[in-house]
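Pasted below: target_18.pdb, PDB, C-alpha atoms.
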ATOM      1  CA  MET A 244      -8.395 -15.293 -13.657
ATOM      2  CA  ARG A 245      -9.565 -16.138 -17.164
ATOM      3  CA  ASP A 246     -13.153 -15.162 -16.295
ATOM      4  CA  GLN A 247     -11.933 -11.803 -14.974
ATOM      5  CA  GLN A 248      -9.895 -11.199 -18.133
ATOM      6  CA  GLU A 249     -12.871 -12.074 -20.327
ATOM      7  CA  TYR A 250     -15.094  -9.777 -18.281
ATOM      8  CA  ARG A 251     -12.624  -6.892 -18.632
ATOM      9  CA  PHE A 252     -12.359  -7.511 -22.376
ATOM     10  CA  VAL A 253     -16.152  -7.554 -22.831
ATOM     11  CA  LYS A 254     -16.492  -4.370 -20.748
ATOM     12  CA  TRP A 255     -13.742  -2.663 -22.804
ATOM     13  CA  PHE A 256     -15.275  -3.878 -26.062
ATOM     14  CA  ARG A 257     -18.724  -2.526 -25.169
ATOM     15  CA  THR A 258     -17.253   0.856 -24.191
ATOM     16  CA  ALA A 259     -15.138   1.031 -27.333
ATOM     17  CA  THR A 260     -18.095   0.025 -29.499
ATOM     18  CA  ILE A 261     -20.318   2.743 -28.054
ATOM     19  CA  SER A 262     -17.603   5.399 -28.450
ATOM     20  CA  ALA A 263     -16.837   4.370 -32.018
ATOM     21  CA  ALA A 264     -20.523   4.237 -32.923
ATOM     22  CA  LEU A 265     -21.093   7.743 -31.600
ATOM     23  CA  LEU A 266     -18.142   9.113 -33.574
ATOM     24  CA  LEU A 267     -19.347   7.428 -36.753
ATOM     25  CA  LEU A 268     -22.939   8.499 -36.297
ATOM     26  CA  ALA A 269     -21.998  12.105 -35.679
ATOM     27  CA  GLY A 270     -20.699  12.342 -39.229
ATOM     28  CA  CYS A 271     -23.104  10.150 -41.142
ATOM     29  CA  ALA A 272     -25.625  12.798 -42.159
ATOM     30  CA  SER A 273     -25.879  15.077 -45.152
ATOM     31  CA  GLN A 274     -28.428  17.859 -45.363
ATOM     32  CA  SER A 275     -30.341  18.182 -48.626
ATOM     33  CA  SER A 276     -32.300  21.328 -47.659
ATOM     34  CA  SER A 277     -32.705  23.717 -44.743
ATOM     35  CA  GLN A 278     -35.355  21.552 -43.119
ATOM     36  CA  THR A 279     -34.919  18.018 -44.476
ATOM     37  CA  THR A 280     -32.032  15.715 -43.733
ATOM     38  CA  GLN A 281     -31.275  12.409 -45.441
ATOM     39  CA  TRP A 282     -29.231  10.150 -43.183
ATOM     40  CA  VAL A 283     -26.945   7.536 -44.705
ATOM     41  CA  TYR A 284     -27.495   5.520 -41.526
ATOM     42  CA  PRO A 285     -29.854   6.665 -38.758
ATOM     43  CA  PRO A 286     -28.293   7.567 -35.384
ATOM     44  CA  MET A 287     -28.508   4.504 -33.181
ATOM     45  CA  ALA A 288     -27.806   3.285 -29.672
ATOM     46  CA  ILE A 289     -27.213  -0.224 -28.401
ATOM     47  CA  PRO A 290     -30.678  -1.603 -27.511
ATOM     48  CA  LEU A 291     -31.130  -1.734 -23.753
ATOM     49  CA  GLN A 292     -30.887  -5.155 -22.131
ATOM     50  CA  PRO A 293     -32.073  -6.335 -18.700
ATOM     51  CA  SER A 294     -29.463  -5.501 -16.093
ATOM     52  CA  VAL A 295     -28.084  -7.981 -13.608
ATOM     53  CA  GLN A 296     -29.804  -6.010 -10.844
ATOM     54  CA  GLN A 297     -33.196  -6.300 -12.533
ATOM     55  CA  GLU A 298     -32.807 -10.044 -13.029
ATOM     56  CA  VAL A 299     -31.608 -10.568  -9.455
ATOM     57  CA  GLN A 300     -34.504  -8.535  -8.030
ATOM     58  CA  ILE A 301     -37.049 -10.513 -10.044
ATOM     59  CA  ALA A 302     -35.532 -13.788  -8.818
ATOM     60  CA  ARG A 303     -35.364 -12.561  -5.218
ATOM     61  CA  LEU A 304     -38.969 -11.375  -5.178
ATOM     62  CA  THR A 305     -40.164 -14.579  -6.829
ATOM     63  CA  GLN A 306     -38.478 -16.580  -4.088
ATOM     64  CA  LEU A 307     -39.859 -14.392  -1.299
ATOM     65  CA  LEU A 308     -43.399 -14.565  -2.689
ATOM     66  CA  GLN A 309     -43.361 -18.337  -2.149
ATOM     67  CA  ARG A 310     -43.335 -17.835   1.604
ATOM     68  CA  PRO A 311     -46.715 -18.712   3.164
ATOM     69  CA  ASP A 312     -46.360 -16.349   6.149
ATOM     70  CA  LEU A 313     -46.566 -13.069   4.230
ATOM     71  CA  SER A 314     -49.334 -10.654   5.161
ATOM     72  CA  ASP A 315     -51.617  -9.436   2.377
ATOM     73  CA  GLU A 316     -50.108  -5.953   2.623
ATOM     74  CA  VAL A 317     -46.537  -7.205   2.216
ATOM     75  CA  ARG A 318     -47.488  -9.618  -0.578
ATOM     76  CA  ALA A 319     -49.291  -6.822  -2.437
ATOM     77  CA  LYS A 320     -46.190  -4.596  -2.210
ATOM     78  CA  MET A 321     -43.933  -7.383  -3.443
ATOM     79  CA  LEU A 322     -46.217  -8.157  -6.371
ATOM     80  CA  PHE A 323     -46.282  -4.479  -7.290
ATOM     81  CA  GLU A 324     -42.488  -4.267  -7.075
ATOM     82  CA  ARG A 325     -41.975  -7.403  -9.167
ATOM     83  CA  GLY A 326     -44.544  -6.151 -11.672
ATOM     84  CA  ASN A 327     -42.531  -2.947 -12.057
ATOM     85  CA  TYR A 328     -39.390  -4.964 -12.748
ATOM     86  CA  TYR A 329     -41.246  -7.111 -15.281
ATOM     87  CA  ASP A 330     -42.520  -3.962 -16.971
ATOM     88  CA  SER A 331     -39.044  -2.415 -17.112
ATOM     89  CA  VAL A 332     -37.708  -5.410 -19.075
ATOM     90  CA  GLY A 333     -40.679  -5.646 -21.444
ATOM     91  CA  LEU A 334     -42.495  -8.603 -19.838
ATOM     92  CA  ARG A 335     -45.811  -6.794 -19.819
ATOM     93  CA  ASP A 336     -48.134  -9.799 -19.575
ATOM     94  CA  LEU A 337     -46.322 -10.970 -16.451
ATOM     95  CA  ALA A 338     -46.376  -7.415 -15.102
ATOM     96  CA  ARG A 339     -50.089  -7.126 -15.745
ATOM     97  CA  LEU A 340     -50.689 -10.408 -13.908
ATOM     98  CA  ASP A 341     -48.712  -9.241 -10.879
ATOM     99  CA  PHE A 342     -50.466  -5.877 -10.825
ATOM    100  CA  THR A 343     -53.880  -7.529 -10.982
ATOM    101  CA  GLN A 344     -52.989  -9.890  -8.132
ATOM    102  CA  SER A 345     -51.619  -7.005  -6.078
ATOM    103  CA  LEU A 346     -54.853  -5.051  -6.527
ATOM    104  CA  SER A 347     -56.883  -8.049  -5.372
ATOM    105  CA  LEU A 348     -54.991  -7.863  -2.072
ATOM    106  CA  ASN A 349     -54.951  -4.059  -1.790
ATOM    107  CA  PRO A 350     -57.282  -2.104  -4.108
ATOM    108  CA  ALA A 351     -56.053   1.328  -2.921
ATOM    109  CA  GLN A 352     -53.054   1.563  -5.268
ATOM    110  CA  PRO A 353     -53.427   4.445  -7.758
ATOM    111  CA  ASP A 354     -50.100   3.777  -9.502
ATOM    112  CA  ILE A 355     -51.194   0.274 -10.458
ATOM    113  CA  PHE A 356     -54.476   1.513 -11.905
ATOM    114  CA  ASN A 357     -52.514   4.013 -13.984
ATOM    115  CA  LEU A 358     -50.192   1.345 -15.378
ATOM    116  CA  LEU A 359     -53.095  -0.971 -16.120
ATOM    117  CA  GLY A 360     -54.794   1.900 -17.933
ATOM    118  CA  VAL A 361     -51.755   2.247 -20.181
ATOM    119  CA  TYR A 362     -51.805  -1.505 -20.862
ATOM    120  CA  TYR A 363     -55.493  -1.350 -21.756
ATOM    121  CA  THR A 364     -54.791   1.590 -24.072
ATOM    122  CA  GLU A 365     -52.076  -0.383 -25.846
ATOM    123  CA  ALA A 366     -54.486  -3.308 -26.241
ATOM    124  CA  GLY A 367     -57.268  -1.078 -27.603
ATOM    125  CA  GLU A 368     -59.484  -1.804 -24.565
ATOM    126  CA  PHE A 369     -60.397   1.836 -24.131
ATOM    127  CA  ASP A 370     -63.390   1.544 -21.786
ATOM    128  CA  ALA A 371     -61.247  -0.459 -19.363
ATOM    129  CA  ALA A 372     -58.484   2.144 -19.756
ATOM    130  CA  TYR A 373     -60.835   5.027 -18.893
ATOM    131  CA  GLU A 374     -62.057   3.186 -15.808
ATOM    132  CA  SER A 375     -58.503   2.513 -14.668
ATOM    133  CA  PHE A 376     -57.438   6.134 -15.045
ATOM    134  CA  ASP A 377     -60.604   7.287 -13.289
ATOM    135  CA  SER A 378     -59.758   4.939 -10.402
ATOM    136  CA  THR A 379     -56.249   6.407 -10.216
ATOM    137  CA  LEU A 380     -57.582   9.953 -10.044
ATOM    138  CA  GLU A 381     -60.199   9.053  -7.448
ATOM    139  CA  LEU A 382     -57.454   7.685  -5.209
ATOM    140  CA  ASP A 383     -54.880  10.343  -6.140
ATOM    141  CA  PRO A 384     -56.475  13.473  -7.688
ATOM    142  CA  GLY A 385     -53.080  15.059  -8.308
ATOM    143  CA  ASN A 386     -51.645  12.182 -10.358
ATOM    144  CA  TYR A 387     -50.611  14.049 -13.501
ATOM    145  CA  TYR A 388     -49.432  10.869 -15.230
ATOM    146  CA  ALA A 389     -52.975   9.533 -15.144
ATOM    147  CA  GLU A 390     -54.338  12.857 -16.413
ATOM    148  CA  ARG A 391     -52.039  12.784 -19.423
ATOM    149  CA  ASN A 392     -52.568   9.089 -20.073
ATOM    150  CA  ARG A 393     -56.351   9.440 -19.907
ATOM    151  CA  ALA A 394     -56.212  12.233 -22.490
ATOM    152  CA  ILE A 395     -54.033  10.071 -24.748
ATOM    153  CA  ALA A 396     -56.382   7.117 -24.313
ATOM    154  CA  LEU A 397     -59.304   9.317 -25.365
ATOM    155  CA  TYR A 398     -57.269  10.433 -28.388
ATOM    156  CA  TYR A 399     -56.496   6.873 -29.478
ATOM    157  CA  GLY A 400     -60.074   5.891 -28.648
ATOM    158  CA  ASP A 401     -61.319   8.364 -31.299
ATOM    159  CA  ARG A 402     -62.818  10.835 -28.834
ATOM    160  CA  PRO A 403     -60.874  13.936 -29.912
ATOM    161  CA  GLU A 404     -63.089  16.563 -28.261
ATOM    162  CA  LEU A 405     -62.876  14.911 -24.847
ATOM    163  CA  ALA A 406     -59.171  14.262 -25.356
ATOM    164  CA  LEU A 407     -58.556  17.932 -26.124
ATOM    165  CA  GLU A 408     -60.521  19.016 -23.054
ATOM    166  CA  GLU A 409     -58.468  16.679 -20.856
ATOM    167  CA  ILE A 410     -55.070  17.578 -22.302
ATOM    168  CA  ALA A 411     -55.868  21.318 -22.135
ATOM    169  CA  LYS A 412     -56.469  21.043 -18.389
ATOM    170  CA  HIS A 413     -53.321  18.980 -18.033
ATOM    171  CA  TYR A 414     -51.276  21.514 -20.004
ATOM    172  CA  GLN A 415     -52.527  24.522 -18.023
ATOM    173  CA  GLN A 416     -51.135  23.018 -14.826
ATOM    174  CA  ASP A 417     -47.587  23.394 -16.188
ATOM    175  CA  PRO A 418     -47.327  25.413 -19.430
ATOM    176  CA  ASN A 419     -43.525  25.177 -19.320
ATOM    177  CA  ASP A 420     -43.542  21.399 -19.766
ATOM    178  CA  PRO A 421     -42.641  20.707 -23.425
ATOM    179  CA  PHE A 422     -44.155  17.216 -23.411
ATOM    180  CA  ARG A 423     -47.531  18.562 -22.296
ATOM    181  CA  ALA A 424     -47.287  21.080 -25.141
ATOM    182  CA  LEU A 425     -46.373  18.329 -27.619
ATOM    183  CA  TRP A 426     -49.353  16.166 -26.735
ATOM    184  CA  MET A 427     -51.604  19.226 -26.759
ATOM    185  CA  TYR A 428     -50.426  19.847 -30.315
ATOM    186  CA  ILE A 429     -50.843  16.221 -31.410
ATOM    187  CA  ILE A 430     -54.361  15.929 -30.016
ATOM    188  CA  GLU A 431     -55.552  19.358 -31.176
ATOM    189  CA  SER A 432     -54.215  18.692 -34.693
ATOM    190  CA  ASP A 433     -57.034  16.175 -35.203
ATOM    191  CA  LEU A 434     -59.561  18.986 -34.806
ATOM    192  CA  ASP A 435     -57.840  22.184 -35.969
ATOM    193  CA  PRO A 436     -54.349  21.638 -37.438
ATOM    194  CA  GLU A 437     -53.633  25.294 -38.189
ATOM    195  CA  HIS A 438     -54.597  26.500 -34.720
ATOM    196  CA  ALA A 439     -52.638  23.645 -33.131
ATOM    197  CA  TYR A 440     -49.551  24.619 -35.125
ATOM    198  CA  ASP A 441     -49.855  28.300 -34.211
ATOM    199  CA  GLU A 442     -50.330  27.504 -30.538
ATOM    200  CA  LEU A 443     -47.304  25.211 -30.359
ATOM    201  CA  MET A 444     -45.193  27.721 -32.276
ATOM    202  CA  THR A 445     -46.140  30.428 -29.777
ATOM    203  CA  ARG A 446     -45.156  28.204 -26.880
ATOM    204  CA  TYR A 447     -41.981  27.106 -28.645
ATOM    205  CA  GLN A 448     -40.829  30.677 -29.250
ATOM    206  CA  GLN A 449     -40.898  31.231 -25.488
ATOM    207  CA  HIS A 450     -39.090  28.003 -24.690
ATOM    208  CA  ASP A 451     -36.208  27.379 -22.297
ATOM    209  CA  GLU A 452     -33.351  24.898 -22.675
ATOM    210  CA  GLN A 453     -35.290  21.721 -21.864
ATOM    211  CA  TRP A 454     -34.632  18.824 -24.242
ATOM    212  CA  GLY A 455     -38.349  18.471 -24.954
ATOM    213  CA  TRP A 456     -38.420  21.845 -26.735
ATOM    214  CA  VAL A 457     -35.930  20.491 -29.294
ATOM    215  CA  LEU A 458     -38.553  17.830 -30.035
ATOM    216  CA  ALA A 459     -41.212  20.531 -30.327
ATOM    217  CA  GLY A 460     -39.027  22.403 -32.812
ATOM    218  CA  LEU A 461     -38.549  19.152 -34.716
ATOM    219  CA  MET A 462     -42.314  18.627 -34.885
ATOM    220  CA  LEU A 463     -42.804  22.189 -36.133
ATOM    221  CA  GLY A 464     -40.029  21.936 -38.717
ATOM    222  CA  ASP A 465     -38.128  24.774 -37.051
ATOM    223  CA  VAL A 466     -35.336  22.410 -35.949
ATOM    224  CA  SER A 467     -33.820  20.315 -38.748
ATOM    225  CA  GLU A 468     -33.331  16.591 -38.314
ATOM    226  CA  GLU A 469     -29.575  17.085 -38.510
ATOM    227  CA  ARG A 470     -29.613  19.653 -35.719
ATOM    228  CA  ALA A 471     -31.896  17.542 -33.527
ATOM    229  CA  PHE A 472     -29.770  14.419 -33.857
ATOM    230  CA  LYS A 473     -26.573  16.386 -33.296
ATOM    231  CA  ALA A 474     -28.136  17.676 -30.084
ATOM    232  CA  VAL A 475     -28.802  14.076 -29.024
ATOM    233  CA  LEU A 476     -25.325  12.827 -29.909
ATOM    234  CA  SER A 477     -23.483  15.759 -28.341
ATOM    235  CA  ALA A 478     -25.485  15.701 -25.098
ATOM    236  CA  THR A 479     -24.250  12.374 -23.756
ATOM    237  CA  ARG A 480     -21.906   9.444 -24.149
ATOM    238  CA  ASP A 481     -24.097   7.290 -21.929
ATOM    239  CA  ASN A 482     -25.821   4.602 -23.983
ATOM    240  CA  THR A 483     -28.927   4.455 -21.787
ATOM    241  CA  LEU A 484     -29.605   8.185 -22.040
ATOM    242  CA  LEU A 485     -28.817   8.067 -25.751
ATOM    243  CA  ALA A 486     -31.369   5.275 -26.259
ATOM    244  CA  GLN A 487     -33.976   7.226 -24.289
ATOM    245  CA  HIS A 488     -33.499  10.435 -26.276
ATOM    246  CA  LEU A 489     -33.469   8.619 -29.610
ATOM    247  CA  THR A 490     -36.688   6.816 -28.661
ATOM    248  CA  GLU A 491     -38.348  10.173 -28.077
ATOM    249  CA  ALA A 492     -36.862  11.809 -31.178
ATOM    250  CA  TYR A 493     -37.861   9.002 -33.539
ATOM    251  CA  PHE A 494     -41.385   8.801 -32.109
ATOM    252  CA  TYR A 495     -42.187  12.507 -32.490
ATOM    253  CA  LEU A 496     -40.465  12.709 -35.866
ATOM    254  CA  GLY A 497     -42.504   9.693 -36.955
ATOM    255  CA  LYS A 498     -45.642  11.432 -35.739
ATOM    256  CA  ARG A 499     -44.756  14.502 -37.810
ATOM    257  CA  TYR A 500     -44.320  12.421 -40.962
ATOM    258  CA  GLN A 501     -47.545  10.546 -40.233
ATOM    259  CA  MET A 502     -49.469  13.810 -39.857
ATOM    260  CA  GLN A 503     -48.030  14.896 -43.211
ATOM    261  CA  GLY A 504     -49.272  11.681 -44.843
ATOM    262  CA  GLU A 505     -45.781  10.271 -45.416
ATOM    263  CA  LEU A 506     -46.589   6.858 -43.999
ATOM    264  CA  ALA A 507     -43.536   4.922 -45.201
ATOM    265  CA  GLN A 508     -41.209   7.283 -43.327
ATOM    266  CA  ALA A 509     -43.472   7.203 -40.284
ATOM    267  CA  ILE A 510     -43.425   3.395 -40.180
ATOM    268  CA  SER A 511     -39.624   3.306 -40.332
ATOM    269  CA  LEU A 512     -39.286   5.897 -37.571
ATOM    270  CA  TYR A 513     -41.768   4.189 -35.254
ATOM    271  CA  LYS A 514     -39.863   0.930 -35.692
ATOM    272  CA  LEU A 515     -36.662   2.748 -34.767
ATOM    273  CA  ALA A 516     -38.362   4.184 -31.675
ATOM    274  CA  ILE A 517     -39.268   0.651 -30.618
ATOM    275  CA  SER A 518     -35.847  -0.824 -31.392
ATOM    276  CA  PHE A 519     -33.989   0.590 -28.372
ATOM    277  CA  ASN A 520     -36.085  -1.376 -25.827
ATOM    278  CA  VAL A 521     -36.859   1.676 -23.664
ATOM    279  CA  TYR A 522     -39.930  -0.125 -22.405
ATOM    280  CA  GLU A 523     -40.894   2.360 -19.706
ATOM    281  CA  TYR A 524     -41.214   5.359 -22.035
ATOM    282  CA  VAL A 525     -44.657   6.218 -23.370
ATOM    283  CA  GLU A 526     -43.052   6.895 -26.755
ATOM    284  CA  HIS A 527     -42.018   3.237 -26.923
ATOM    285  CA  ARG A 528     -45.449   2.053 -25.820
ATOM    286  CA  TYR A 529     -47.466   4.287 -28.134
ATOM    287  CA  ALA A 530     -45.267   3.634 -31.178
ATOM    288  CA  PHE A 531     -46.952   0.216 -31.348
ATOM    289  CA  ILE A 532     -50.372   1.883 -31.388
ATOM    290  CA  GLU A 533     -49.337   4.280 -34.147
ATOM    291  CA  LEU A 534     -48.028   1.415 -36.270
ATOM    292  CA  GLY A 535     -51.303  -0.440 -35.790
ATOM    293  CA  ARG A 536     -53.272   2.624 -36.847
ATOM    294  CA  ILE A 537     -51.178   3.070 -39.986
ATOM    295  CA  TYR A 538     -51.493  -0.585 -40.959
ATOM    296  CA  GLN A 539     -55.252  -0.412 -40.439
ATOM    297  CA  GLN A 540     -55.394   2.700 -42.605
ATOM    298  CA  LEU A 541     -53.435   0.961 -45.365
ATOM    299  CA  ARG A 542     -55.626  -2.152 -45.176
ATOM    300  CA  GLU A 543     -58.767  -0.073 -45.510
ATOM    301  CA  ALA A 544     -57.280   1.787 -48.473
ATOM    302  CA  ARG A 545     -56.424  -1.491 -50.231
ATOM    303  CA  GLN A 546     -59.905  -2.856 -49.578
ATOM    304  CA  GLU A 547     -61.463   0.253 -51.114
ATOM    305  CA  GLN A 548     -59.236  -0.090 -54.173
ATOM    306  CA  ALA A 549     -60.138  -3.745 -54.507
ATOM    307  CA  GLN A 550     -63.884  -3.075 -54.578
ATOM    308  CA  PRO A 551     -65.376  -3.171 -58.097
ATOM    309  CA  GLN A 552     -66.339   0.193 -59.528
ATOM    310  CA  SER A 553     -70.090   0.639 -60.030
TER     311      SER A 553
END
What would you get if you wrote out this structure as structure tokens?
Amino acid sequence: MRDQQEYRFVKWFRTATISAALLLLAGCASQSSSQTTQWVYPPMAIPLQPSVQQEVQIARLTQLLQRPDLSDEVRAKMLFERGNYYDSVGLRDLARLDFTQSLSLNPAQPDIFNLLGVYYTEAGEFDAAYESFDSTLELDPGNYYAERNRAIALYYGDRPELALEEIAKHYQQDPNDPFRALWMYIIESDLDPEHAYDELMTRYQQHDEQWGWVLAGLMLGDVSEERAFKAVLSATRDNTLLAQHLTEAYFYLGKRYQMQGELAQAISLYKLAISFNVYEYVEHRYAFIELGRIYQQLREARQEQAQPQS
């Protein structure tokens, strides 16, 4: 009886905390200009934690994989499934190990090659990433996740022309997808910022009601930070969805500040994007890469300043 009472209290407390936090956050902003908002406290969500179901599934699969009578096909499927659960709770090294073992038993798994390509991109192993995405597309030519991820890998691998060619093809397959338009803008901005801005603005002016177009407006400066965060807070009272939308909003806002050279703001926003533990979102994954790029840029700048003047 006591355990049930404690459980009910914890459940009530979590619900009350989320509701109170949303009410407080909705009123914590003040707008200093038409486009720039200074937040007393940034809108937040409770960081996601592994669910009981995820933990139980990992334990169940681990136990089943100890059986010696499993066929290679079944063992490969179980390793893939457990790897997905590991990935969803942020245990990426364990996920990568399971995916690699699964491929050794069944190499014809395009989804695994795609995930490994993302891991290689995060680690800066770009040649391995390109090979993994190529393998995905050989096995599944219509895998649009691999198309997008290969373009992003080329972008982070400092191959902007190839990245733009890849993302342009990816975008043309679905011009109404705001996230394709966003990455088209990000990648093209390395080569021609003005043209990239004009192109995204044209697409944005024809937008529908998808959430991603709010992010596009935020990147363009057409949607204020206050308006964007109000859209997030008013759209849901579900903490998981709130964490997902805030992860996206902070990542793309951080990218905007980074492109404007305001690195301190970008660093803070990328850290916020990471803080919600939405491990499966590319915005969470690539925020780490962006932080690494900024830190490398700052290190190089300090080294140049430290060199004696001739």
(request) Name every residue that the PyMOL selection byres ((chain A and resi 491) around 8) selects in this structure, writing the answer as a list in words with chains first and numbers rising. (result) Leu458, Gln487, His488, Leu489, Thr490, Ala492, Tyr493, Phe494, Tyr495, Ala516, Glu526 and His527 of chain A
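The spacing separating CA of Tyr328 in chain A from CA of Phe519 in chain A amounts to 17.4 Å.
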(message) Please list as a list in words every residue within 10 Å of Glu404 in chain A, counting all atoms listed in the file and excluding residues in the same chain fewer than 3 positions away.
(response) Ala394, Leu397, Tyr398, Asp401, Leu407, Glu408, Glu409, Ile430, Glu431, Asp433 and Leu434 of chain A
(message) So, with all atoms listed in the file as the atoms that count, which of A:Arg402, A:Arg423, A:Arg542, A:Arg528 lies closest to Tyr363 in chain A?
(response) A:Arg528
(request) Check which residues satisfy the PyMOL selection byres ((chain A and resi 500) around 12) in the file shown, then give them as a list in words. (result) Thr279, Leu461, Met462, Leu463, Gly464, Tyr493, Phe494, Tyr495, Leu496, Gly497, Lys498, Arg499, Gln501, Met502, Gln503, Gly504, Glu505, Leu506, Ala507, Gln508, Ala509, Ile510, Ser511, Leu512, Tyr513, Glu533 and Ile537 of chain A
Write the selection just made, keeping C-alpha atoms, as a PDB file, in the coordinates of the input?
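Output saved as selection_33.pdb:
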ATOM      1  CA  THR A 279     -34.919  18.018 -44.476  1.00  0.00           C
ATOM      2  CA  LEU A 461     -38.549  19.152 -34.716  1.00  0.00           C
ATOM      3  CA  MET A 462     -42.314  18.627 -34.885  1.00  0.00           C
ATOM      4  CA  LEU A 463     -42.804  22.189 -36.133  1.00  0.00           C
ATOM      5  CA  GLY A 464     -40.029  21.936 -38.717  1.00  0.00           C
ATOM      6  CA  TYR A 493     -37.861   9.002 -33.539  1.00  0.00           C
ATOM      7  CA  PHE A 494     -41.385   8.801 -32.109  1.00  0.00           C
ATOM      8  CA  TYR A 495     -42.187  12.507 -32.490  1.00  0.00           C
ATOM      9  CA  LEU A 496     -40.465  12.709 -35.866  1.00  0.00           C
ATOM     10  CA  GLY A 497     -42.504   9.693 -36.955  1.00  0.00           C
ATOM     11  CA  LYS A 498     -45.642  11.432 -35.739  1.00  0.00           C
ATOM     12  CA  ARG A 499     -44.756  14.502 -37.810  1.00  0.00           C
ATOM     13  CA  GLN A 501     -47.545  10.546 -40.233  1.00  0.00           C
ATOM     14  CA  MET A 502     -49.469  13.810 -39.857  1.00  0.00           C
ATOM     15  CA  GLN A 503     -48.030  14.896 -43.211  1.00  0.00           C
ATOM     16  CA  GLY A 504     -49.272  11.681 -44.843  1.00  0.00           C
ATOM     17  CA  GLU A 505     -45.781  10.271 -45.416  1.00  0.00           C
ATOM     18  CA  LEU A 506     -46.589   6.858 -43.999  1.00  0.00           C
ATOM     19  CA  ALA A 507     -43.536   4.922 -45.201  1.00  0.00           C
ATOM     20  CA  GLN A 508     -41.209   7.283 -43.327  1.00  0.00           C
ATOM     21  CA  ALA A 509     -43.472   7.203 -40.284  1.00  0.00           C
ATOM     22  CA  ILE A 510     -43.425   3.395 -40.180  1.00  0.00           C
ATOM     23  CA  SER A 511     -39.624   3.306 -40.332  1.00  0.00           C
ATOM     24  CA  LEU A 512     -39.286   5.897 -37.571  1.00  0.00           C
ATOM     25  CA  TYR A 513     -41.768   4.189 -35.254  1.00  0.00           C
ATOM     26  CA  GLU A 533     -49.337   4.280 -34.147  1.00  0.00           C
ATOM     27  CA  ILE A 537     -51.178   3.070 -39.986  1.00  0.00           C
TER      28      ILE A 537
END
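Across the structure, CA of Leu485 in chain A and CA of Ala530 in chain A are spaced 17.9 Å apart.
Evaluating the PyMOL selection byres ((chain A and resi 349-359) around 7) against the shown model yields Glu316, Ala319, Arg339, Phe342, Ser345, Leu346, Ser347, Leu348, Gly360, Val361, Tyr362, Tyr363, Ser375, Phe376, Ser378, Thr379, Leu382, Asp383 and Ala389 of chain A.
The spacing separating CA of Asp420 in chain A from CA of His450 in chain A amounts to 9.4 Å.
For the residues A:Ala439, A:Ser477, A:Thr364, A:Gln416, ranking by smallest atom-to-atom distance to Tyr529 in chain A using all atoms listed in the file places A:Thr364 first.
All residues of protein, DNA or RNA that reach within 12 Å of Gln309 in chain A, judged by all atoms listed in the file and not counting those fewer than 6 positions away in the chain, are Ala302, Arg303, Arg318, Met321 and Leu322 of chain A.
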